[in-house]
Amino acid sequence: MKLGVFNPLFNQKSFEDMLDTLAAKGLQAVEIGTGGYPGNNHCDLDGLLADESKRTAYKEAIASRGLIISALSCHSNPLHPQKAIAKEADELIRKTIDLAQLLEVPVVNTFSGCPGDHEDAKYPNWPVAPWPTDFQEILAWQWEYKVIPYWKEINQYATERGIKIGLELHGGFSVHTPGTLLRLREATGDAIGANLDPSHMWWQGIDPVQAILILGKAGALHHFHAKDTSIDQNNVNRHGVTDMQSYELMLDRAWQFRSVGFGHDLKVWADIMSALRLVGYDYVVSIEHEDGLMSIDEGFSKAVSNLQQVLITEPIGQMWWV
């Protein structure tokens, strides 16, 4: 496995300074945002698509520092009921897939998106309860008429270009659990898989190790984020896990994102790394730092230090004791 980072953490730095920071920390990979929620501070998407010389220089800047691009990421909502928003997200996803092919990056990460509850809706509707039965009707309509048709088309688009799609399992979107990911993959195709972030598993009550095993056995684990979550049970008792309070209200929230090792100890993270190895995932562990209690540099540094203790990097070799 290789250790990397998702670049929006360093949006305040220039492209070259960002790469130097990663190299100085001993990282081997960078995940780069091309637009949408992550922004595109380090990726001129249209410019790179149009100019081969720019792509060559871009790749050289990364490779010269001993890095690879683990994924291009364009998290957005291509199923948004407002057509202009959905169109912009769709164009971004397709352009990002095109650039991934040209840069020889194997994975594009994004969200599944979430539709509204009818054709003329203005806002997404995320059903999370089976009753009253209105919610079941909304969910069935969304998947039959929006979710599956769109991702079937994108699966084909990505497959034709040799690219895998890593959908981040995130609350608020149609695909947010291993089960919903596998449902979509079965209905659309094998290019669709997961960009698994354990932080979103923990707050939903899902064991990330089991999520890795479920997805890995199905060949549906395309990329991996390293971010932690701490859960305050007293606040869960008041607000539940679908706590709608601002992330800034850290003292009162039911859960909050933390840097690796500050929500769960390193034994848990060692179990996660072992599960990744067990299912044959030998790609990049990409740090995403969104810890409201730590500065960018401290949270990043501690995540790197903690993960370096548990990351499995060498080939297995033969079982000499067997």
# chains A, B, ... in the order shown; residues from 1 in each chain; ligands from 1

$ select_by_dssp --residues "stretch 83-294 of chain A" --states "helix (DSSP H, G or I)" --output "number ranges by chain"
A: 83-103, 134-160, 178-188, 198-204, 208-217, 233-239, 266-278

$ residues_around --residues "stretch 61-78 of chain A" --least-positions-apart "3" --cutoff "7 Å" --atoms "only C-alpha atoms" --output "ChimeraX atom specification"
/A:19,23,28-38,57-58,86-87,89-90,92-93,96,100,105-114,284

$ write_last_selection --atoms "C-alpha atoms" --output "CSV table (one decimal), in the first residue's frame"
chain,number,residue,atom,x,y,z
A,19,LEU,CA,3.8,18.6,-3.9
A,23,ALA,CA,7.3,14.7,-0.6
A,28,GLN,CA,3.9,8.5,-2.2
A,29,ALA,CA,0.5,9.6,-3.7
A,30,VAL,CA,-1.8,12.6,-4.1
A,31,GLU,CA,-5.5,12.6,-4.8
A,32,ILE,CA,-6.4,15.7,-6.8
A,33,GLY,CA,-9.7,17.6,-7.0
A,34,THR,CA,-10.8,18.7,-10.4
A,35,GLY,CA,-13.8,20.7,-9.3
A,36,GLY,CA,-17.1,20.4,-7.5
A,37,TYR,CA,-17.0,20.4,-3.7
A,38,PRO,CA,-13.2,19.8,-3.5
A,57,ALA,CA,4.6,19.1,-17.4
A,58,TYR,CA,1.9,18.3,-14.9
A,86,ALA,CA,-27.0,18.5,-12.4
A,87,LYS,CA,-25.7,19.4,-15.8
A,89,ALA,CA,-21.9,18.1,-12.2
A,90,ASP,CA,-22.4,15.7,-15.1
A,92,LEU,CA,-17.5,17.8,-14.6
A,93,ILE,CA,-17.6,14.0,-14.1
A,96,THR,CA,-12.6,14.2,-15.2
A,100,ALA,CA,-8.0,10.5,-16.0
A,105,VAL,CA,-5.0,7.7,-13.5
A,106,PRO,CA,-7.1,4.6,-12.9
A,107,VAL,CA,-9.8,6.0,-10.5
A,108,VAL,CA,-12.3,9.0,-10.5
A,109,ASN,CA,-13.9,9.6,-7.1
A,110,THR,CA,-17.2,11.4,-6.7
A,111,PHE,CA,-20.6,11.1,-5.0
A,112,SER,CA,-23.6,9.1,-6.3
A,113,GLY,CA,-25.7,12.3,-6.0
A,114,CYS,CA,-29.3,12.4,-4.7
A,284,VAL,CA,-3.4,4.0,-1.9

$ atom_distance --atom1 "atom CA of A:Trp126" --atom2 "atom CA of A:Thr177"
13.2 Å

$ closest_residue --among "A:Ile231, A:Asp265, A:Thr159, A:Gly205" --to "A:Asp252" --atoms "only C-alpha atoms"
A:Ile231

$ select_by_dssp --residues "stretch 94-253 of chain A" --states "strand (DSSP E)" --output "PyMOL selection string"
chain A and resi 107-110+164-168+192-196+221-226+228-231

$ atom_distance --atom1 "atom CA of A:Asn306" --atom2 "atom CA of A:Glu168"
23.0 Å
